[in-house]
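K.L.:
My structure file my_file-v3.cif, mmCIF, C-alpha atoms, is below:
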data_protein
loop_
_atom_site.label_atom_id
_atom_site.label_comp_id
_atom_site.auth_asym_id
_atom_site.auth_seq_id
_atom_site.Cartn_x
_atom_site.Cartn_y
_atom_site.Cartn_z
CA VAL Q 52 14.35 0.70 -4.92
CA ARG Q 53 12.30 3.87 -4.42
CA VAL Q 54 9.72 3.78 -1.62
CA ALA Q 55 7.61 6.95 -1.36
CA ASP Q 56 10.19 9.77 -1.34
CA ARG Q 57 13.11 7.61 -0.19
CA ALA Q 58 15.75 5.75 -2.21
CA ILE Q 59 16.62 2.47 -0.51
CA GLY Q 60 19.67 0.35 -1.24
CA LEU Q 61 18.68 -3.30 -0.80
CA GLY Q 62 21.17 -6.16 -0.61
CA ALA Q 63 20.23 -9.86 -0.60
CA PRO Q 64 23.17 -12.20 -1.31
CA ASP Q 65 21.11 -15.42 -1.29
CA PRO Q 66 19.98 -16.13 -4.91
CA GLY Q 67 16.56 -17.49 -3.86
CA LEU Q 68 15.74 -14.41 -1.78
CA ARG Q 69 17.05 -12.06 -4.45
CA GLN Q 70 15.02 -13.72 -7.20
CA ARG Q 71 11.76 -13.38 -5.28
CA LEU Q 72 12.41 -9.75 -4.39
CA HIS Q 73 13.31 -8.90 -7.99
CA ALA Q 74 9.93 -10.28 -9.09
CA TRP Q 75 8.06 -8.05 -6.65
CA LEU Q 76 9.97 -4.77 -6.59
CA PRO Q 77 10.41 -2.34 -9.49
CA PRO Q 78 13.94 -1.49 -10.66
CA PRO Q 79 15.22 2.07 -10.19
CA GLY Q 80 13.59 4.54 -12.55
CA PRO Q 81 15.30 7.05 -14.85
CA ASP Q 82 14.89 9.83 -12.27
CA ASP Q 83 16.61 7.91 -9.45
CA SER Q 84 20.19 9.04 -8.84
CA ALA Q 85 22.47 6.02 -9.21
CA GLY Q 86 24.33 5.21 -6.01
CA LEU Q 87 22.65 7.89 -3.86
CA VAL Q 88 20.46 6.26 -1.20
CA ASP Q 89 18.78 7.45 1.97
CA HIS Q 90 18.91 4.07 3.75
CA CYS Q 91 20.48 0.65 3.29
CA LEU Q 92 18.73 -2.65 4.00
CA SER Q 93 20.85 -5.81 3.96
CA LEU Q 94 19.55 -9.36 4.22
CA HIS Q 95 22.36 -11.62 5.42
CA GLY Q 96 22.55 -15.41 5.37
CA ASP Q 97 20.15 -17.72 3.59
CA ALA Q 98 16.54 -18.83 3.95
CA SER Q 99 17.35 -21.19 6.85
CA ALA Q 100 19.17 -18.59 8.97
CA TRP Q 101 18.95 -14.92 8.06
CA HIS Q 102 19.08 -11.51 9.70
CA LEU Q 103 18.11 -8.09 8.37
CA THR Q 104 19.97 -4.87 9.08
CA ARG Q 105 18.92 -1.28 8.42
CA ASP Q 106 21.81 1.16 8.10
CA GLY Q 107 24.01 -1.35 9.91
CA GLN Q 108 21.62 -1.97 12.83
CA ALA Q 109 19.92 -5.35 13.30
CA VAL Q 110 16.13 -5.15 12.92
CA ALA Q 111 14.89 -8.74 12.39
CA ALA Q 112 16.03 -12.37 12.18
CA GLY Q 113 14.44 -15.71 11.35
CA GLN Q 114 14.71 -19.16 9.85
CA THR Q 115 12.31 -19.36 6.90
CA LEU Q 116 12.14 -17.84 3.43
CA ASP Q 117 8.63 -16.45 4.04
CA GLU Q 118 9.75 -14.66 7.20
CA ALA Q 119 12.71 -13.11 5.39
CA LEU Q 120 10.62 -11.83 2.50
CA LEU Q 121 7.95 -10.39 4.80
CA ALA Q 122 10.58 -8.73 6.99
CA VAL Q 123 12.04 -6.93 3.96
CA LEU Q 124 8.61 -5.70 2.82
CA HIS Q 125 7.74 -4.56 6.36
CA ALA Q 126 11.03 -2.66 6.66
CA LEU Q 127 10.56 -1.01 3.26
CA ALA Q 128 7.01 0.06 4.18
CA GLY Q 129 8.26 1.51 7.47
CA LEU Q 130 10.94 3.56 5.71
CA GLY Q 131 8.36 4.88 3.25
CA CYS Q 132 5.63 5.68 5.77
CA ARG Q 133 7.57 7.42 8.61
CA PRO Q 134 4.37 8.60 10.39
CA ALA Q 135 6.06 11.31 12.49
CA GLU Q 136 7.00 13.19 9.31
CA ARG Q 137 3.61 12.89 7.59
CA LEU Q 138 0.24 14.54 7.88
CA ALA Q 139 -1.12 11.00 8.32
CA VAL Q 140 -0.53 7.43 7.22
CA LEU Q 141 -3.87 6.20 5.90
CA HIS Q 142 -4.90 2.57 6.25
CA GLY Q 143 -6.33 2.00 2.81
CA ALA Q 144 -5.45 1.67 -0.83
CA GLY Q 145 -4.19 4.51 -2.98
CA LEU Q 146 -4.56 4.74 -6.75
CA VAL Q 147 -3.89 7.30 -9.45
CA THR Q 148 -6.60 7.94 -12.02
CA PRO Q 149 -5.58 8.00 -15.70
CA ASP Q 150 -5.61 11.81 -15.60
CA GLY Q 151 -3.24 11.94 -12.61
CA ARG Q 152 -5.51 12.43 -9.58
CA GLY Q 153 -5.29 10.51 -6.31
CA LEU Q 154 -8.04 8.10 -5.26
CA LEU Q 155 -8.26 6.63 -1.75
CA LEU Q 156 -10.16 3.43 -0.93
CA ILE Q 157 -10.69 3.35 2.83
CA ALA Q 158 -11.95 0.28 4.66
CA ALA Q 159 -11.12 -2.08 7.50
CA GLY Q 160 -9.28 -5.32 6.77
CA GLY Q 161 -11.24 -8.06 5.01
CA SER Q 162 -13.38 -5.63 3.00
CA GLY Q 163 -12.10 -6.70 -0.41
CA LYS Q 164 -10.05 -3.52 -0.72
CA SER Q 165 -6.97 -5.24 -2.17
CA THR Q 166 -9.11 -7.21 -4.62
CA LEU Q 167 -10.74 -4.06 -5.97
CA THR Q 168 -7.39 -2.26 -6.02
CA THR Q 169 -5.77 -5.06 -8.04
CA ALA Q 170 -8.58 -4.97 -10.60
CA LEU Q 171 -8.27 -1.18 -10.95
CA ASP Q 172 -4.48 -1.43 -11.29
CA ALA Q 173 -4.97 -4.03 -14.05
CA SER Q 174 -7.42 -1.74 -15.84
CA GLY Q 175 -5.07 1.24 -16.08
CA TYR Q 176 -5.17 3.01 -12.71
CA GLY Q 177 -1.76 3.61 -11.17
CA LEU Q 178 -1.02 1.98 -7.82
CA LEU Q 179 0.24 3.89 -4.79
CA SER Q 180 -0.32 1.09 -2.28
CA ASP Q 181 -2.94 -1.55 -1.47
CA ASP Q 182 -2.52 -1.31 2.32
CA VAL Q 183 -1.17 1.97 3.71
CA VAL Q 184 -0.78 5.35 2.02
CA PRO Q 185 1.35 8.13 3.53
CA ALA Q 186 0.12 11.68 2.99
CA ASP Q 187 2.69 14.48 3.13
CA ARG Q 188 2.21 17.67 5.15
CA ASP Q 189 0.28 19.23 2.24
CA GLY Q 190 -2.00 16.19 1.87
CA GLY Q 191 -0.29 14.80 -1.24
CA LEU Q 192 -0.45 11.02 -1.52
CA LEU Q 193 2.82 9.08 -1.82
CA GLY Q 194 3.31 5.76 -3.56
CA LEU Q 195 5.20 2.98 -1.78
CA GLY Q 196 5.81 0.92 -4.93
CA LEU Q 197 5.44 -2.35 -3.01
CA PRO Q 198 3.71 -5.49 -4.32
CA LEU Q 199 0.01 -6.22 -3.98
CA CYS Q 200 -0.80 -8.71 -1.22
CA LEU Q 201 -3.73 -10.98 -2.07
CA LYS Q 202 -5.48 -13.48 0.21
CA ALA Q 203 -6.73 -16.85 -1.04
CA GLY Q 204 -10.36 -15.71 -1.32
CA SER Q 205 -9.47 -13.19 -4.01
CA TRP Q 206 -7.44 -15.53 -6.25
CA PRO Q 207 -10.35 -16.97 -8.29
CA VAL Q 208 -12.07 -13.57 -8.44
CA LEU Q 209 -9.01 -11.95 -10.02
CA ALA Q 210 -8.15 -14.73 -12.46
CA GLY Q 211 -9.43 -12.70 -15.42
CA GLN Q 212 -7.59 -9.49 -14.48
CA ARG Q 213 -4.29 -11.09 -13.43
CA PRO Q 214 -3.73 -14.47 -15.12
CA ASP Q 215 -0.21 -14.51 -13.64
CA LEU Q 216 -1.70 -14.83 -10.14
CA ASP Q 217 -1.93 -18.63 -10.44
CA ALA Q 218 1.83 -18.90 -10.95
CA ALA Q 219 2.74 -16.63 -8.02
CA PRO Q 220 4.25 -18.55 -5.06
CA GLU Q 221 2.26 -18.75 -1.85
CA VAL Q 222 3.65 -17.06 1.25
CA VAL Q 223 2.33 -17.63 4.77
CA ARG Q 224 1.51 -14.27 6.37
CA TYR Q 225 -0.08 -14.09 9.83
CA GLY Q 226 -0.96 -17.77 9.49
CA GLN Q 227 -2.78 -17.32 6.15
CA PRO Q 228 -1.59 -18.08 2.60
CA VAL Q 229 -1.18 -14.99 0.43
CA ARG Q 230 0.32 -14.25 -2.96
CA PHE Q 231 2.29 -11.14 -3.83
CA LEU Q 232 2.12 -9.55 -7.27
CA ALA Q 233 4.09 -6.69 -8.74
CA PRO Q 234 1.69 -3.92 -9.81
CA ARG Q 235 1.02 -3.32 -13.49
CA THR Q 236 2.01 0.31 -13.11
CA ARG Q 237 4.92 2.11 -11.50
CA ALA Q 238 4.25 4.32 -8.49
CA PRO Q 239 4.82 8.02 -9.27
CA ALA Q 240 7.98 9.54 -7.81
CA HIS Q 241 6.12 12.67 -6.68
CA PRO Q 242 3.13 13.32 -4.38
CA VAL Q 243 -0.28 13.03 -6.05
CA PRO Q 244 -3.09 15.42 -5.03
CA ALA Q 245 -6.00 13.60 -3.40
CA ALA Q 246 -9.17 14.06 -5.44
CA LEU Q 247 -11.59 11.55 -3.90
CA ILE Q 248 -12.06 9.45 -0.75
CA LEU Q 249 -14.19 6.33 -1.11
CA LEU Q 250 -15.35 4.60 2.08
CA ILE Q 251 -15.97 1.16 0.64
CA ARG Q 252 -17.96 -1.80 1.92
CA TYR Q 253 -18.54 -5.18 0.34
CA GLN Q 254 -22.20 -6.26 0.73
CA PRO Q 255 -23.10 -9.45 -1.19
CA GLY Q 256 -26.64 -9.55 -2.50
CA GLN Q 257 -27.22 -5.81 -2.14
CA PRO Q 258 -27.47 -3.32 -5.02
CA PRO Q 259 -24.45 -1.07 -5.57
CA ARG Q 260 -24.82 2.38 -4.06
CA ALA Q 261 -22.67 5.52 -3.93
CA THR Q 262 -23.64 8.25 -1.45
CA PRO Q 263 -21.77 11.50 -0.77
CA VAL Q 264 -20.71 12.08 2.85
CA GLY Q 265 -19.54 15.17 4.69
CA PRO Q 266 -16.05 15.87 6.08
CA GLU Q 267 -16.96 14.67 9.57
CA HIS Q 268 -18.02 11.25 8.28
CA ALA Q 269 -14.93 11.08 6.06
CA LEU Q 270 -12.72 11.77 9.10
CA GLN Q 271 -14.61 9.14 11.11
CA GLY Q 272 -14.01 6.65 8.30
CA LEU Q 273 -10.30 7.42 8.18
CA LEU Q 274 -9.91 7.09 11.95
CA GLY Q 275 -12.12 3.98 12.07
CA ALA Q 276 -9.79 2.34 9.55
CA GLU Q 277 -6.92 3.05 11.95
CA ALA Q 278 -5.16 5.93 10.23
CA VAL Q 279 -1.89 6.76 11.97
CA ILE Q 280 -1.45 10.39 13.05
CA ARG Q 281 1.71 11.05 15.07
CA ASP Q 282 2.93 14.13 16.94
CA LEU Q 283 -0.42 15.91 16.61
CA THR Q 284 0.36 19.61 16.88
CA GLN Q 285 -2.17 22.40 16.42
CA ALA Q 286 -0.74 23.11 12.98
CA LYS Q 287 -1.04 19.46 11.93
CA LEU Q 288 -4.60 19.27 13.27
CA GLU Q 289 -5.59 22.35 11.27
CA ALA Q 290 -3.90 20.98 8.13
CA LEU Q 291 -5.73 17.67 8.55
CA ALA Q 292 -9.06 19.48 8.96
CA ARG Q 293 -8.45 21.55 5.82
CA TRP Q 294 -7.47 18.43 3.87
CA VAL Q 295 -10.58 16.45 4.86
CA THR Q 296 -12.78 19.47 4.09
CA ARG Q 297 -11.46 20.00 0.56
CA VAL Q 298 -11.35 16.35 -0.61
CA PRO Q 299 -14.81 15.01 -1.61
CA ALA Q 300 -15.84 11.76 0.06
CA TRP Q 301 -18.39 9.11 -0.89
CA ARG Q 302 -19.59 5.92 0.75
CA LEU Q 303 -19.58 3.04 -1.76
CA THR Q 304 -21.26 -0.32 -1.15
CA TYR Q 305 -21.03 -3.06 -3.75
CA PRO Q 306 -22.05 -6.71 -4.18
CA ASP Q 307 -19.27 -7.94 -6.49
CA LEU Q 308 -16.10 -6.85 -8.22
CA ASP Q 309 -17.61 -6.06 -11.63
CA GLN Q 310 -20.24 -3.69 -10.18
CA ALA Q 311 -17.66 -2.07 -7.91
#
Re-express the file's structure as structure tokens.

P.N.:
Amino acid sequence: VRVADRAIGLGAPDPGLRQRLHAWLPPPGPDDSAGLVDHCLSLHGDASAWHLTRDGQAVAAGQTLDEALLAVLHALAGLGCRPAERLAVLHGAGLVTPDGRGLLLIAAGGSGKSTLTTALDASGYGLLSDDVVPADRDGGLLGLGLPLCLKAGSWPVLAGQRPDLDAAPEVVRYGQPVRFLAPRTRAPAHPVPAALILLIRYQPGQPPRATPVGPEHALQGLLGAEAVIRDLTQAKLEALARWVTRVPAWRLTYPDLDQA
């Protein structure tokens, strides 16, 4: 599988584990070099006793199917994000507009970000990620290509956009039931230029509102949503400042999915 700018070889001998992962992860694309991988993940054993290795080193172990699946997704995300090599890893959702521009939805957890992202993905926007988005040193947004993770509260809301959601198996994540869905679109294999930052907030009963904000408020929103910035050198700080200054930012509040 391709995760951001890395090709990952993934092995899962157990048929049940392999079937679930196949449903969530896209197959290699035509531009991926067959057999050439940057890292290897191997899931050994079965759902009742498994351990995960990365390039031959043990990284996780457990005794349930849910734990195994989540460990693989976590490891794939880590290999794609690699914060020390990025300008930043942004806690938010990343999408690609139909004309090829990058759109960031920035918000804290529980804001409805994944719900809105899933609806946009179903309507023709490309998906980079619904949780974390790495930005390269030039500020280009990278797609992880991992499945959407949807909490129980969003399932009835998204029934019209994703009818297949009802058939998706439940997985217990951090003590809560979630369902994973493969995105409708394939993540691009190249960085996408960021064109817009939306600081979103779900406010039931209030009219929808979109208000432009300056770079300082955009940066506050990114940091408030727990963006990860590692090894902050003077050059990286200046690059981050230039990036925030040139990408327009708006604050968006909305009462329901349709108006969002």

K.L.:
In Å, how far is it from CA of Pro263 in chain Q to CA of Pro299 in chain Q?

P.N.:
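One can read the CA of Pro263 in chain Q to CA of Pro299 in chain Q distance as 7.8 Å.
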
K.L.:
When the PyMOL selection byres ((chain Q and resi 302) around 8) is applied to the structure above, which residues does it catch, written out as an mmCIF file with C-alpha atoms, keeping the file's coordinate frame?

P.N.:
data_model
loop_
_atom_site.group_PDB
_atom_site.id
_atom_site.type_symbol
_atom_site.label_atom_id
_atom_site.label_comp_id
_atom_site.auth_asym_id
_atom_site.auth_seq_id
_atom_site.Cartn_x
_atom_site.Cartn_y
_atom_site.Cartn_z
ATOM 1 C CA LEU Q 249 -14.190 6.330 -1.110
ATOM 2 C CA LEU Q 250 -15.350 4.600 2.080
ATOM 3 C CA ILE Q 251 -15.970 1.160 0.640
ATOM 4 C CA ARG Q 252 -17.960 -1.800 1.920
ATOM 5 C CA ARG Q 260 -24.820 2.380 -4.060
ATOM 6 C CA ALA Q 261 -22.670 5.520 -3.930
ATOM 7 C CA THR Q 262 -23.640 8.250 -1.450
ATOM 8 C CA PRO Q 263 -21.770 11.500 -0.770
ATOM 9 C CA VAL Q 264 -20.710 12.080 2.850
ATOM 10 C CA ALA Q 300 -15.840 11.760 0.060
ATOM 11 C CA TRP Q 301 -18.390 9.110 -0.890
ATOM 12 C CA LEU Q 303 -19.580 3.040 -1.760
ATOM 13 C CA THR Q 304 -21.260 -0.320 -1.150
#

K.L.:
When you count only C-alpha atoms, which of these residues is closest to Ala219 in chain Q: Q:Val140, Q:Ala74, Q:Ala111, Q:Ala135?

P.N.:
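Of Q:Val140, Q:Ala74, Q:Ala111, Q:Ala135, the one nearest Ala219 in chain Q, counting only C-alpha atoms, is Q:Ala74.
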
K.L.:
Selected by the PyMOL selection byres ((chain Q and resi 102) around 12) in the shown coordinates: which residues, as a PyMOL selection string?

P.N.:
chain Q and resi 62-65+92-101+103-105+107-116+118-120+122-123

K.L.:
For Trp206 in chain Q, which residue out of Q:Thr166, Q:Gln285, Q:Gln257, Q:Ser174 is the nearest one, using only C-alpha atoms?

P.N.:
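Once distances to Trp206 in chain Q are computed over only C-alpha atoms, the minimum belongs to Q:Thr166.
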
K.L.:
Could you give me, as a list of chain:residue names, the residues within 7 Å of Val147 in chain Q, counting only C-alpha atoms and dropping anything in the same chain fewer than 5 positions from it?

P.N.:
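So, after excluding close chain neighbours, the residues are Q:Arg152, Q:Gly153, Q:Leu154, Q:Tyr176, Q:Gly177, Q:Leu178.
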
K.L.:
Taking 3 positions as the minimum chain separation for residues in the same chain, which residues sit within 9 Å of range 242-246 of chain Q when counting only C-alpha atoms? Answer as a compact mmCIF listing (two decimals) with C-alpha atoms, in the frame of the given file.

P.N.:
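Final output, out_9.txt:
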# COMPACT_ATOMS: atom_id res chain seq x y z
CA ALA Q 55 7.61 6.95 -1.36
CA ASP Q 56 10.19 9.77 -1.34
CA VAL Q 147 -3.89 7.30 -9.45
CA GLY Q 151 -3.24 11.94 -12.61
CA ARG Q 152 -5.51 12.43 -9.58
CA GLY Q 153 -5.29 10.51 -6.31
CA LEU Q 154 -8.04 8.10 -5.26
CA LEU Q 155 -8.26 6.63 -1.75
CA ALA Q 186 0.12 11.68 2.99
CA ASP Q 187 2.69 14.48 3.13
CA ASP Q 189 0.28 19.23 2.24
CA GLY Q 190 -2.00 16.19 1.87
CA GLY Q 191 -0.29 14.80 -1.24
CA LEU Q 192 -0.45 11.02 -1.52
CA LEU Q 193 2.82 9.08 -1.82
CA GLY Q 194 3.31 5.76 -3.56
CA PRO Q 239 4.82 8.02 -9.27
CA TRP Q 294 -7.47 18.43 3.87
CA ARG Q 297 -11.46 20.00 0.56
CA VAL Q 298 -11.35 16.35 -0.61
CA PRO Q 299 -14.81 15.01 -1.61
CA ALA Q 300 -15.84 11.76 0.06

K.L.:
Could you check how far CA of Ser165 in chain Q sits from CA of Val229 in chain Q, in Å to one decimal?

P.N.:
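Between CA of Ser165 in chain Q and CA of Val229 in chain Q the gap works out to 11.6 Å.
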
K.L.:
Using only C-alpha atoms, which of the listed residues (Q:Leu274, Q:Leu130, Q:Val88, Q:Val208) sits closest to Ala158 in chain Q?

P.N.:
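Looking at the shortest contact to Ala158 in chain Q, the residue is Q:Leu274.
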
K.L.:
Mind giving me the straight-line distance from CA of Pro185 in chain Q to CA of Asp215 in chain Q in Å, one decimal?

P.N.:
28.5 Å

K.L.:
Considering only C-alpha atoms, can you say which of Q:Ile59, Q:His142, Q:Ala286, Q:Arg69 comes closest to Ala159 in chain Q?

P.N.:
Q:His142

K.L.:
Translate the PyMOL selection byres ((chain Q and resi 197) around 7), as applied to the file shown, into an explicit residue set as a list in words.

P.N.:
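Selected by the PyMOL selection byres ((chain Q and resi 197) around 7) in this file: Leu76, Ser180, Leu195, Gly196, Pro198 and Leu199 of chain Q.
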
K.L.:
Out of Q:Asp282, Q:Thr148, Q:Thr296, Q:Phe231, which residue has the shortest atom-to-atom distance to Pro134 in chain Q when counting only C-alpha atoms?

P.N.:
Q:Asp282

K.L.:
May I ask which of the residues Q:Leu308, Q:Ala173, Q:Ile157, Q:Gly60 is the closest one to Gly272 in chain Q, counting all atoms listed in the file?

P.N.:
Q:Ile157

K.L.:
Would you mind listing what lies within 10 Å of Asp217 in chain Q as a list in words, with all atoms listed in the file counted and same-chain residues fewer than 4 positions away left out?

P.N.:
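Here the answer would be Trp206, Pro207, Leu209, Ala210, Arg213, Glu221 and Arg230 of chain Q.
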
K.L.:
Taking all atoms of range 74-78 of chain Q that the file lists and extending 6 Å past them on each side, where is the centre of the axis-aligned box and how long are its edges? Answer in Å to one decimal, as lines of an AutoDock Vina configuration file.

P.N.:
center_x = 11.0
center_y = -5.9
center_z = -8.6
size_x = 17.9
size_y = 20.8
size_z = 16.1

K.L.:
Add whatever atoms are absent from range 143-155 of chain Q to reach N, CA and C atoms, and provide the output as a PDB file, in the frame of the given file.

P.N.:
ATOM      1  N   GLY Q 143      -5.451   2.137   3.969  1.00  0.00           N
ATOM      2  CA  GLY Q 143      -6.330   2.000   2.810  1.00  0.00           C
ATOM      3  C   GLY Q 143      -5.482   1.828   1.563  1.00  0.00           C
ATOM      4  N   ALA Q 144      -6.138   1.807   0.454  1.00  0.00           N
ATOM      5  CA  ALA Q 144      -5.450   1.670  -0.830  1.00  0.00           C
ATOM      6  C   ALA Q 144      -5.419   3.028  -1.524  1.00  0.00           C
ATOM      7  N   GLY Q 145      -4.329   3.278  -2.220  1.00  0.00           N
ATOM      8  CA  GLY Q 145      -4.190   4.510  -2.980  1.00  0.00           C
ATOM      9  C   GLY Q 145      -3.967   4.204  -4.444  1.00  0.00           C
ATOM     10  N   LEU Q 146      -4.677   4.923  -5.301  1.00  0.00           N
ATOM     11  CA  LEU Q 146      -4.560   4.740  -6.750  1.00  0.00           C
ATOM     12  C   LEU Q 146      -4.439   6.105  -7.419  1.00  0.00           C
ATOM     13  N   VAL Q 147      -3.982   6.079  -8.664  1.00  0.00           N
ATOM     14  CA  VAL Q 147      -3.890   7.300  -9.450  1.00  0.00           C
ATOM     15  C   VAL Q 147      -4.778   7.117 -10.672  1.00  0.00           C
ATOM     16  N   THR Q 148      -5.718   8.018 -10.863  1.00  0.00           N
ATOM     17  CA  THR Q 148      -6.600   7.940 -12.020  1.00  0.00           C
ATOM     18  C   THR Q 148      -5.808   8.196 -13.292  1.00  0.00           C
ATOM     19  N   PRO Q 149      -6.327   7.781 -14.447  1.00  0.00           N
ATOM     20  CA  PRO Q 149      -5.580   8.000 -15.700  1.00  0.00           C
ATOM     21  C   PRO Q 149      -5.214   9.454 -15.968  1.00  0.00           C
ATOM     22  N   ASP Q 150      -5.966  10.404 -15.385  1.00  0.00           N
ATOM     23  CA  ASP Q 150      -5.610  11.810 -15.600  1.00  0.00           C
ATOM     24  C   ASP Q 150      -4.778  12.377 -14.446  1.00  0.00           C
ATOM     25  N   GLY Q 151      -4.242  11.507 -13.571  1.00  0.00           N
ATOM     26  CA  GLY Q 151      -3.240  11.940 -12.610  1.00  0.00           C
ATOM     27  C   GLY Q 151      -3.750  12.380 -11.252  1.00  0.00           C
ATOM     28  N   ARG Q 152      -4.975  12.040 -10.887  1.00  0.00           N
ATOM     29  CA  ARG Q 152      -5.510  12.430  -9.580  1.00  0.00           C
ATOM     30  C   ARG Q 152      -5.486  11.243  -8.617  1.00  0.00           C
ATOM     31  N   GLY Q 153      -5.374  11.545  -7.325  1.00  0.00           N
ATOM     32  CA  GLY Q 153      -5.290  10.510  -6.310  1.00  0.00           C
ATOM     33  C   GLY Q 153      -6.653  10.037  -5.850  1.00  0.00           C
ATOM     34  N   LEU Q 154      -6.794   8.726  -5.706  1.00  0.00           N
ATOM     35  CA  LEU Q 154      -8.040   8.100  -5.260  1.00  0.00           C
ATOM     36  C   LEU Q 154      -7.719   7.228  -4.046  1.00  0.00           C
ATOM     37  N   LEU Q 155      -8.451   7.423  -2.963  1.00  0.00           N
ATOM     38  CA  LEU Q 155      -8.260   6.630  -1.750  1.00  0.00           C
ATOM     39  C   LEU Q 155      -9.430   5.693  -1.545  1.00  0.00           C
TER      40      LEU Q 155
END
